[in-house]
>>> print(open('upload_5.csv').read())   # CSV, C-alpha atoms
chain,number,residue,atom,x,y,z
I,1386,MET,CA,-64.4,-38.4,-9.6
I,1387,VAL,CA,-60.7,-38.0,-9.0
I,1388,SER,CA,-58.5,-40.3,-11.0
I,1389,SER,CA,-56.0,-42.6,-9.3
I,1390,ALA,CA,-53.2,-41.0,-11.4
I,1391,SER,CA,-53.9,-37.5,-10.0
I,1392,THR,CA,-54.0,-38.8,-6.4
I,1393,GLN,CA,-50.5,-40.3,-6.8
I,1394,ARG,CA,-48.9,-37.2,-8.2
I,1395,THR,CA,-46.3,-35.6,-5.9
I,1396,SER,CA,-46.4,-31.9,-4.9
I,1397,SER,CA,-44.6,-29.4,-7.1
I,1398,GLU,CA,-41.0,-28.6,-6.2
I,1399,GLN,CA,-42.0,-25.1,-5.1
I,1400,ALA,CA,-44.9,-26.3,-2.9
I,1401,GLN,CA,-44.3,-25.9,0.9
I,1402,PHE,CA,-46.4,-26.7,4.0
I,1403,PHE,CA,-46.2,-24.8,7.3
I,1404,SER,CA,-48.1,-24.9,10.6
I,1405,TYR,CA,-50.1,-21.8,11.5
I,1406,GLY,CA,-47.5,-20.7,14.1
I,1407,GLU,CA,-44.6,-21.0,11.6
I,1408,ALA,CA,-46.1,-18.7,8.9
I,1409,ALA,CA,-49.0,-16.6,10.3
I,1410,ASN,CA,-46.7,-13.7,11.4
I,1411,PRO,CA,-43.6,-13.7,9.2
I,1412,ILE,CA,-42.7,-10.2,10.5
I,1413,ARG,CA,-42.5,-11.3,14.1
I,1414,SER,CA,-40.4,-14.3,13.1
I,1415,GLY,CA,-38.0,-12.2,11.1
I,1416,LEU,CA,-38.8,-13.6,7.7
I,1417,THR,CA,-40.3,-10.3,6.5
I,1418,ALA,CA,-38.1,-7.3,7.2
I,1419,LEU,CA,-39.5,-4.3,9.1
I,1420,VAL,CA,-39.6,-0.9,7.3
I,1421,PRO,CA,-36.5,0.9,8.9
I,1422,TYR,CA,-36.3,4.4,10.2
I,1423,ARG,CA,-34.3,6.4,7.7
I,1424,SER,CA,-33.7,10.0,6.7
I,1425,PHE,CA,-32.2,11.4,3.5
I,1426,SER,CA,-30.1,14.5,3.5
I,1427,PRO,CA,-31.0,17.4,1.1
I,1428,ALA,CA,-27.2,17.9,0.3
I,1429,PHE,CA,-27.8,16.1,-3.0
I,1430,PHE,CA,-29.7,19.1,-4.3
I,1431,GLN,CA,-26.7,21.4,-3.8
I,1432,GLU,CA,-24.4,19.4,-6.0
I,1433,PRO,CA,-23.8,20.3,-9.7
I,1434,GLY,CA,-25.4,18.7,-12.7
I,1435,SER,CA,-28.8,17.2,-13.3
I,1436,ALA,CA,-29.5,13.8,-11.7
I,1437,VAL,CA,-32.0,11.5,-10.0
I,1438,LEU,CA,-31.3,10.0,-6.6
I,1439,PRO,CA,-33.6,7.0,-5.6
I,1440,LEU,CA,-34.0,6.9,-1.8
I,1441,ASP,CA,-33.4,3.2,-1.9
I,1442,LEU,CA,-34.0,0.9,1.1
I,1443,SER,CA,-34.5,-2.3,-1.0
I,1444,GLN,CA,-31.6,-4.1,0.7
I,1445,GLU,CA,-33.0,-3.5,4.1
I,1446,LEU,CA,-36.5,-4.4,2.9
I,1447,GLY,CA,-35.3,-7.6,1.1
I,1448,CYS,CA,-37.0,-6.7,-2.1
I,1449,ALA,CA,-36.1,-5.7,-5.7
I,1450,GLY,CA,-35.1,-2.0,-5.9
I,1451,PRO,CA,-35.1,0.8,-6.0
I,1452,ALA,CA,-37.7,1.0,-3.2
I,1453,THR,CA,-38.2,3.2,-0.2
I,1454,GLY,CA,-41.0,1.1,1.2
I,1455,PRO,CA,-42.7,-2.1,0.1
I,1456,SER,CA,-45.0,-0.2,-2.3
I,1457,LEU,CA,-43.4,3.2,-2.9
I,1458,CYS,CA,-40.2,4.7,-4.1
I,1459,ALA,CA,-39.1,8.2,-3.3
I,1460,ASN,CA,-36.5,10.1,-5.3
I,1461,PHE,CA,-34.7,13.4,-5.3
I,1462,ILE,CA,-34.5,15.1,-8.6
I,1463,ARG,CA,-31.8,17.8,-9.2
I,1464,LEU,CA,-32.1,20.0,-12.3
I,1465,ASP,CA,-29.2,22.1,-13.3
I,1466,GLN,CA,-30.2,23.8,-16.5
I,1467,GLY,CA,-31.2,21.8,-19.6
I,1468,GLU,CA,-33.5,18.9,-19.4
I,1469,LEU,CA,-33.9,15.5,-17.7
I,1470,ARG,CA,-36.2,12.6,-18.4
I,1471,THR,CA,-37.8,10.5,-15.7
I,1472,ALA,CA,-39.7,7.2,-16.2
I,1473,ALA,CA,-41.3,4.6,-14.0
I,1474,VAL,CA,-43.4,1.5,-14.5
I,1475,ALA,CA,-46.0,2.9,-12.2
I,1476,THR,CA,-49.7,3.7,-11.9
I,1477,SER,CA,-49.1,7.0,-10.1
I,1478,GLN,CA,-46.3,9.5,-9.8
I,1479,LEU,CA,-46.2,12.6,-7.7
I,1480,PHE,CA,-43.7,15.5,-8.3
I,1481,PHE,CA,-43.3,18.2,-5.6
I,1482,VAL,CA,-41.3,21.3,-6.6
I,1483,ALA,CA,-39.1,22.1,-3.6
I,1484,GLU,CA,-37.1,24.8,-5.3
I,1485,GLY,CA,-36.9,26.6,-8.6
I,1486,GLU,CA,-39.1,26.9,-11.6
I,1487,GLY,CA,-39.3,25.2,-15.0
I,1488,GLU,CA,-41.6,23.1,-17.1
I,1489,THR,CA,-42.5,19.4,-17.5
I,1490,ALA,CA,-43.8,17.7,-20.7
I,1491,ALA,CA,-45.8,14.6,-20.0
I,1492,CYS,CA,-48.9,12.8,-21.3
I,1493,GLY,CA,-49.1,15.1,-24.3
I,1494,GLU,CA,-49.3,18.2,-22.1
I,1495,ARG,CA,-46.9,20.8,-20.8
I,1496,PHE,CA,-46.9,22.1,-17.2
I,1497,ALA,CA,-45.1,25.2,-16.1
I,1498,TRP,CA,-44.2,25.0,-12.4
I,1499,SER,CA,-42.5,26.9,-9.6
I,1500,LYS,CA,-41.7,26.3,-5.9
I,1501,GLY,CA,-44.5,24.5,-4.0
I,1502,ASP,CA,-46.4,23.2,-7.0
I,1503,ILE,CA,-47.4,19.5,-7.3
I,1504,LEU,CA,-47.9,17.5,-10.5
I,1505,VAL,CA,-49.4,14.0,-10.4
I,1506,LEU,CA,-49.1,11.7,-13.4
I,1507,PRO,CA,-50.9,8.5,-14.3
I,1508,ALA,CA,-49.6,5.3,-15.9
I,1509,GLY,CA,-47.5,6.0,-18.9
I,1510,GLY,CA,-46.4,9.3,-17.5
I,1511,ASP,CA,-42.8,9.5,-18.8
I,1512,ALA,CA,-41.8,13.1,-18.3
I,1513,ILE,CA,-39.2,15.5,-19.6
I,1514,HIS,CA,-38.3,18.2,-17.1
I,1515,THR,CA,-36.6,21.4,-18.2
I,1516,CYS,CA,-35.1,24.2,-16.1
I,1517,GLY,CA,-33.3,27.4,-17.0
I,1518,HIS,CA,-31.3,27.6,-13.8
I,1519,LYS,CA,-31.6,25.2,-10.9
I,1520,ALA,CA,-34.5,23.3,-9.3
I,1521,ALA,CA,-35.1,20.6,-6.7
I,1522,ILE,CA,-38.0,18.1,-7.0
I,1523,TYR,CA,-39.3,15.4,-4.7
I,1524,TRP,CA,-40.7,12.4,-6.8
I,1525,VAL,CA,-42.7,9.5,-5.4
I,1526,HIS,CA,-44.2,6.6,-7.4
I,1527,ASP,CA,-45.7,3.2,-6.8
I,1528,ALA,CA,-43.4,1.1,-9.1
I,1529,PRO,CA,-42.3,-1.2,-6.2
I,1530,LEU,CA,-45.9,-2.3,-5.7
I,1531,LEU,CA,-46.3,-3.2,-9.4
I,1532,ARG,CA,-42.9,-5.0,-9.4
I,1533,HIS,CA,-44.0,-7.1,-6.4
I,1534,LEU,CA,-47.3,-8.0,-8.2
I,1535,GLY,CA,-45.4,-8.8,-11.5
I,1536,VAL,CA,-47.6,-6.5,-13.5
I,1537,THR,CA,-47.4,-3.4,-15.8
I,1538,PRO,CA,-50.2,-0.9,-16.0
I,1539,SER,CA,-52.6,-1.3,-18.9
I,1540,GLU,CA,-54.5,1.9,-18.6
I,1541,SER,CA,-54.5,5.3,-17.0
I,1542,ARG,CA,-56.9,5.7,-14.1
I,1543,PHE,CA,-56.9,9.5,-14.0
I,1544,GLN,CA,-55.8,12.5,-16.0
I,1545,PRO,CA,-52.5,14.4,-15.3
I,1546,THR,CA,-53.4,16.7,-12.4
I,1547,PHE,CA,-51.7,19.9,-11.4
I,1548,TYR,CA,-52.0,21.5,-7.9
I,1549,SER,CA,-50.7,25.0,-7.7
I,1550,HIS,CA,-48.9,26.2,-4.6
I,1551,ARG,CA,-51.1,29.3,-4.5
I,1552,ASP,CA,-54.3,27.2,-4.3
I,1553,SER,CA,-52.9,24.8,-1.8
I,1554,GLN,CA,-51.8,27.6,0.5
I,1555,ARG,CA,-55.2,29.4,0.1
I,1556,HIS,CA,-57.1,26.3,1.1
I,1557,LEU,CA,-54.7,25.6,4.0
I,1558,ALA,CA,-55.2,29.1,5.3
I,1559,GLU,CA,-59.0,28.7,5.1
I,1560,ILE,CA,-58.8,25.5,7.1
I,1561,ALA,CA,-56.5,27.1,9.7
I,1562,GLU,CA,-58.8,30.0,10.2
I,1563,SER,CA,-62.0,28.0,10.4
I,1564,PRO,CA,-63.6,27.1,13.8
I,1565,SER,CA,-62.8,23.5,13.4
I,1566,GLY,CA,-59.2,24.2,12.3
I,1567,ALA,CA,-58.5,26.2,15.4
I,1568,LYS,CA,-59.4,23.1,17.5
I,1569,ALA,CA,-57.8,20.5,15.3
I,1570,ASN,CA,-54.7,18.5,16.3
I,1571,ARG,CA,-53.6,18.7,12.7
I,1572,VAL,CA,-54.1,21.7,10.3
I,1573,SER,CA,-53.6,20.4,6.8
I,1574,VAL,CA,-55.1,20.3,3.4
I,1575,LEU,CA,-55.5,16.9,1.7
I,1576,LEU,CA,-55.0,16.7,-2.1
I,1577,GLY,CA,-57.8,14.9,-3.8
I,1578,ASN,CA,-58.8,13.9,-7.3
I,1579,SER,CA,-62.4,13.8,-8.6
I,1580,ALA,CA,-61.7,10.4,-10.2
I,1581,PHE,CA,-61.5,9.0,-6.6
I,1582,ALA,CA,-64.6,10.2,-4.9
I,1583,GLN,CA,-64.7,7.3,-2.4
I,1584,SER,CA,-61.2,7.8,-1.0
I,1585,ARG,CA,-60.7,11.5,-1.6
I,1586,THR,CA,-57.0,10.8,-2.4
I,1587,VAL,CA,-54.6,12.2,-4.9
I,1588,SER,CA,-54.7,8.9,-6.8
I,1589,HIS,CA,-55.9,5.3,-6.4
I,1590,THR,CA,-52.7,4.4,-4.6
I,1591,LEU,CA,-51.2,7.7,-3.4
I,1592,TRP,CA,-52.2,10.0,-0.6
I,1593,ALA,CA,-50.7,13.5,-0.1
I,1594,MET,CA,-51.2,16.2,2.4
I,1595,LEU,CA,-49.7,19.7,3.0
I,1596,GLY,CA,-49.6,20.3,6.7
I,1597,ILE,CA,-48.6,23.2,8.9
I,1598,LEU,CA,-47.0,22.7,12.2
I,1599,PRO,CA,-47.3,26.1,14.0
I,1600,ALA,CA,-44.4,27.4,16.1
I,1601,GLY,CA,-44.4,26.1,19.6
I,1602,GLN,CA,-47.0,23.4,19.0
I,1603,GLU,CA,-47.1,19.6,19.2
I,1604,GLN,CA,-49.3,17.2,17.2
I,1605,LYS,CA,-50.2,14.3,19.4
I,1606,PRO,CA,-49.3,10.7,18.5
I,1607,HIS,CA,-51.2,8.9,15.8
I,1608,ARG,CA,-50.6,5.8,13.6
I,1609,HIS,CA,-51.8,4.3,10.3
I,1610,GLN,CA,-51.0,1.2,8.4
I,1611,SER,CA,-49.7,3.1,5.3
I,1612,ILE,CA,-46.1,4.0,5.1
I,1613,ALA,CA,-45.3,7.8,5.2
I,1614,LEU,CA,-42.5,9.3,3.1
I,1615,ASP,CA,-42.4,12.7,4.7
I,1616,PHE,CA,-40.7,15.7,3.0
I,1617,ALA,CA,-39.8,18.7,5.2
I,1618,VAL,CA,-41.0,21.6,3.0
I,1619,ALA,CA,-40.0,24.4,5.4
I,1620,CYS,CA,-38.7,24.3,9.0
I,1621,GLN,CA,-36.2,25.7,11.4
I,1622,PRO,CA,-34.0,23.8,14.0
I,1623,GLY,CA,-36.2,22.5,16.7
I,1624,CYS,CA,-38.8,20.7,14.6
I,1625,TYR,CA,-38.8,16.9,14.9
I,1626,THR,CA,-40.9,13.7,14.9
I,1627,LEU,CA,-41.0,11.1,17.6
I,1628,ILE,CA,-41.7,7.5,16.4
I,1629,GLY,CA,-42.3,4.3,18.3
I,1630,THR,CA,-44.3,1.2,18.6
I,1631,GLN,CA,-46.1,1.7,22.0
I,1632,LEU,CA,-47.7,4.4,24.1
I,1633,ASP,CA,-47.4,5.0,27.8
I,1634,ARG,CA,-50.4,5.6,30.1
I,1635,ASP,CA,-50.5,9.3,29.2
I,1636,GLY,CA,-50.8,8.6,25.5
I,1637,ARG,CA,-47.1,9.5,24.8
I,1638,ILE,CA,-44.7,7.4,22.8
I,1639,LEU,CA,-42.5,5.0,24.8
I,1640,ASN,CA,-38.8,5.0,24.0
I,1641,PRO,CA,-39.2,6.9,20.8
I,1642,HIS,CA,-36.8,7.3,17.9
I,1643,ARG,CA,-36.3,11.0,17.3
I,1644,GLU,CA,-36.2,12.3,13.7
I,1645,ASP,CA,-35.0,15.9,13.4
I,1646,TRP,CA,-36.4,17.8,10.5
I,1647,LEU,CA,-34.1,19.5,8.0
I,1648,GLU,CA,-35.6,21.6,5.2
I,1649,GLY,CA,-35.5,19.7,2.0
I,1650,ALA,CA,-34.9,16.3,3.7
I,1651,SER,CA,-37.1,13.2,3.5
I,1652,PHE,CA,-37.7,10.7,6.3
I,1653,VAL,CA,-39.5,7.4,6.6
I,1654,THR,CA,-42.3,6.7,9.1
I,1655,PRO,CA,-42.8,2.9,9.2
I,1656,PRO,CA,-46.4,1.7,8.8
I,1657,GLY,CA,-48.3,1.0,12.1
I,1658,TYR,CA,-45.8,3.0,14.2
I,1659,TRP,CA,-47.0,5.8,16.5
I,1660,HIS,CA,-45.6,9.2,15.7
I,1661,SER,CA,-45.9,12.7,16.9
I,1662,HIS,CA,-44.7,16.0,15.4
I,1663,HIS,CA,-43.1,18.8,17.5
I,1664,ASN,CA,-42.1,22.4,16.7
I,1665,GLU,CA,-39.9,23.9,19.3
I,1666,SER,CA,-38.6,26.6,16.9
I,1667,GLY,CA,-39.8,30.1,16.6
I,1668,ALA,CA,-41.3,29.7,13.1
I,1669,ASP,CA,-44.1,27.8,11.5
I,1670,ALA,CA,-43.1,24.6,9.7
I,1671,TYR,CA,-44.6,22.7,6.7
I,1672,VAL,CA,-44.4,19.1,5.9
I,1673,LEU,CA,-45.6,17.0,2.9
I,1674,PRO,CA,-46.3,13.3,3.7
I,1675,ILE,CA,-46.8,11.0,0.8
I,1676,GLN,CA,-48.3,7.6,1.6
I,1677,ASP,CA,-49.7,4.5,-0.1
I,1678,ALA,CA,-53.0,5.3,1.8
I,1679,GLY,CA,-55.0,5.6,-1.4
I,1680,LEU,CA,-54.5,1.8,-1.8
I,1681,HIS,CA,-55.1,1.2,1.9
I,1682,THR,CA,-58.3,3.2,1.9
I,1683,TYR,CA,-59.6,1.2,-1.0
I,1684,LEU,CA,-58.7,-2.0,0.9
I,1685,ARG,CA,-60.3,-0.7,4.1
I,1686,THR,CA,-57.1,-1.4,6.0
I,1687,LEU,CA,-55.8,2.2,6.7
I,1688,ASP,CA,-56.9,2.0,10.4
I,1689,ILE,CA,-55.9,5.5,11.6
I,1690,LEU,CA,-55.8,6.0,15.3
I,1691,PHE,CA,-55.0,9.0,17.5
I,1692,SER,CA,-53.8,8.7,21.1
I,1693,SER,CA,-55.9,10.1,23.9
I,1694,SER,CA,-55.5,10.6,27.6
I,1695,GLY,CA,-55.0,7.3,29.5
I,1696,GLY,CA,-53.0,6.0,26.5
I,1697,LEU,CA,-56.2,4.7,24.8
I,1698,ALA,CA,-56.5,5.2,21.0
I,1699,THR,CA,-59.5,6.8,19.3
I,1700,GLU,CA,-60.4,6.3,15.6
I,1701,THR,CA,-60.4,9.3,13.3
I,1702,PRO,CA,-61.3,9.9,9.7
I,1703,LEU,CA,-58.7,9.9,6.9
I,1704,GLY,CA,-55.8,12.3,7.7
I,1705,ASP,CA,-52.2,12.4,8.9
>>> encode(input="upload_5.csv", output="structure tokens")
Amino acid sequence: MVSSASTQRTSSEQAQFFSYGEAANPIRSGLTALVPYRSFSPAFFQEPGSAVLPLDLSQELGCAGPATGPSLCANFIRLDQGELRTAAVATSQLFFVAEGEGETAACGERFAWSKGDILVLPAGGDAIHTCGHKAAIYWVHDAPLLRHLGVTPSESRFQPTFYSHRDSQRHLAEIAESPSGAKANRVSVLLGNSAFAQSRTVSHTLWAMLGILPAGQEQKPHRHQSIALDFAVACQPGCYTLIGTQLDRDGRILNPHREDWLEGASFVTPPGYWHSHHNESGADAYVLPIQDAGLHTYLRTLDILFSSSGGLATETPLGD
């Protein structure tokens, strides 16, 4: 039985009450900021001295920073001889070597790396990177997600995992030469971890793919509910991505935003937006999208769709 004293108590100062229409869609009403289009120049990598540059959009997102999206933060790391320490309160960190060679000490291990290699570290993965000359690294982690939840990781969910450029390229070539690869809209290799057999993702929050965009080809529009922090690994002028919210009757993007690729640059594809990739140059291009799709796959919310003739969308398995 509820006491009379409890029924007379007033609501807490922070308590609020809204009708369904006032609060059910805070993005449409402008209360929750949209993830913006944005690209980040690789010019930082050419400057002298070792440094880290967070690709910070927290002001536009209305959240604590640094953050490139609601759950992920991308960074450029420039190594100019000597060593540099990186640390993040995160469950997953991915380092992609864009240029150079060196070594990283983390989680009680040492990893020698060179251009194209990828290292993924679990919680507690503070790292010391050393380089004899110069190197450029793309670093993505999920600290913004933990900051939003108000938590710190209590355990590592996987072991430090190294993906060599040689093995990634070998698997990518096998996929490209296979009968299914020849017909695929996207020729790519997804990086997985045996600790996450259900999602086949690089960690329980992160998803990563090395994809090839052959010269003269177009990858038709698709969308997913995860944010994509794309890194242009290799490309020539004439490679670009079109991004938008709607399709026309032919399955093409209406009034698209065009994002031209620049080798070593990163750009944001907002969650839920249609996007298509185009290569009008004379050389094959490579792109590395990093997404929070490991988390979305676990939550069953990834919802990947590809456009088809007539503008209708068809569902597809996990992939970018």
>>> closest_residue(input="upload_5.csv", among="I:Gly1667, I:Pro1427, I:Gly1493, I:Gly1406", to="Gly1509 of chain I", atoms="all atoms listed in the file")
I:Gly1493
>>> closest_residue(input="upload_5.csv", among="I:Ala1561, I:Leu1576, I:Val1474, I:Val1482", to="Gly1535 of chain I", atoms="all atoms listed in the file")
I:Val1474
>>> atom_distance(input="upload_5.csv", atom1="atom CA of Ala1600 of chain I", atom2="atom CA of Ser1666 of chain I")
5.9 Å
>>> atom_distance(input="upload_5.csv", atom1="atom CA of Tyr1548 of chain I", atom2="atom CA of Thr1586 of chain I")
13.0 Å
>>> atom_distance(input="upload_5.csv", atom1="atom CA of Thr1417 of chain I", atom2="atom CA of Arg1532 of chain I")
17.0 Å
>>> closest_residue(input="upload_5.csv", among="I:Leu1504, I:Ala1668, I:Leu1673, I:Ala1475", to="Phe1616 of chain I", atoms="only C-alpha atoms")
I:Leu1673
>>> residues_around(input="upload_5.csv", residues="Gly1434 of chain I", least_positions_apart="5", cutoff="10 Å", atoms="only C-alpha atoms", output="list in words")
Arg1463, Leu1464, Asp1465, Gln1466, Gly1467 and Lys1519 of chain I
>>> residues_around(input="upload_5.csv", residues="Leu1627 of chain I", least_positions_apart="3", cutoff="6 Å", atoms="only C-alpha atoms", output="PyMOL selection string")
chain I and resi 1641-1643+1660-1661
>>> closest_residue(input="upload_5.csv", among="I:Glu1644, I:Asp1688, I:Asp1527, I:Asp1441", to="Leu1457 of chain I", atoms="all atoms listed in the file")
I:Asp1527
>>> closest_residue(input="upload_5.csv", among="I:Pro1545, I:Gly1629, I:Gly1501, I:Pro1599", to="Asn1664 of chain I", atoms="all atoms listed in the file")
I:Pro1599
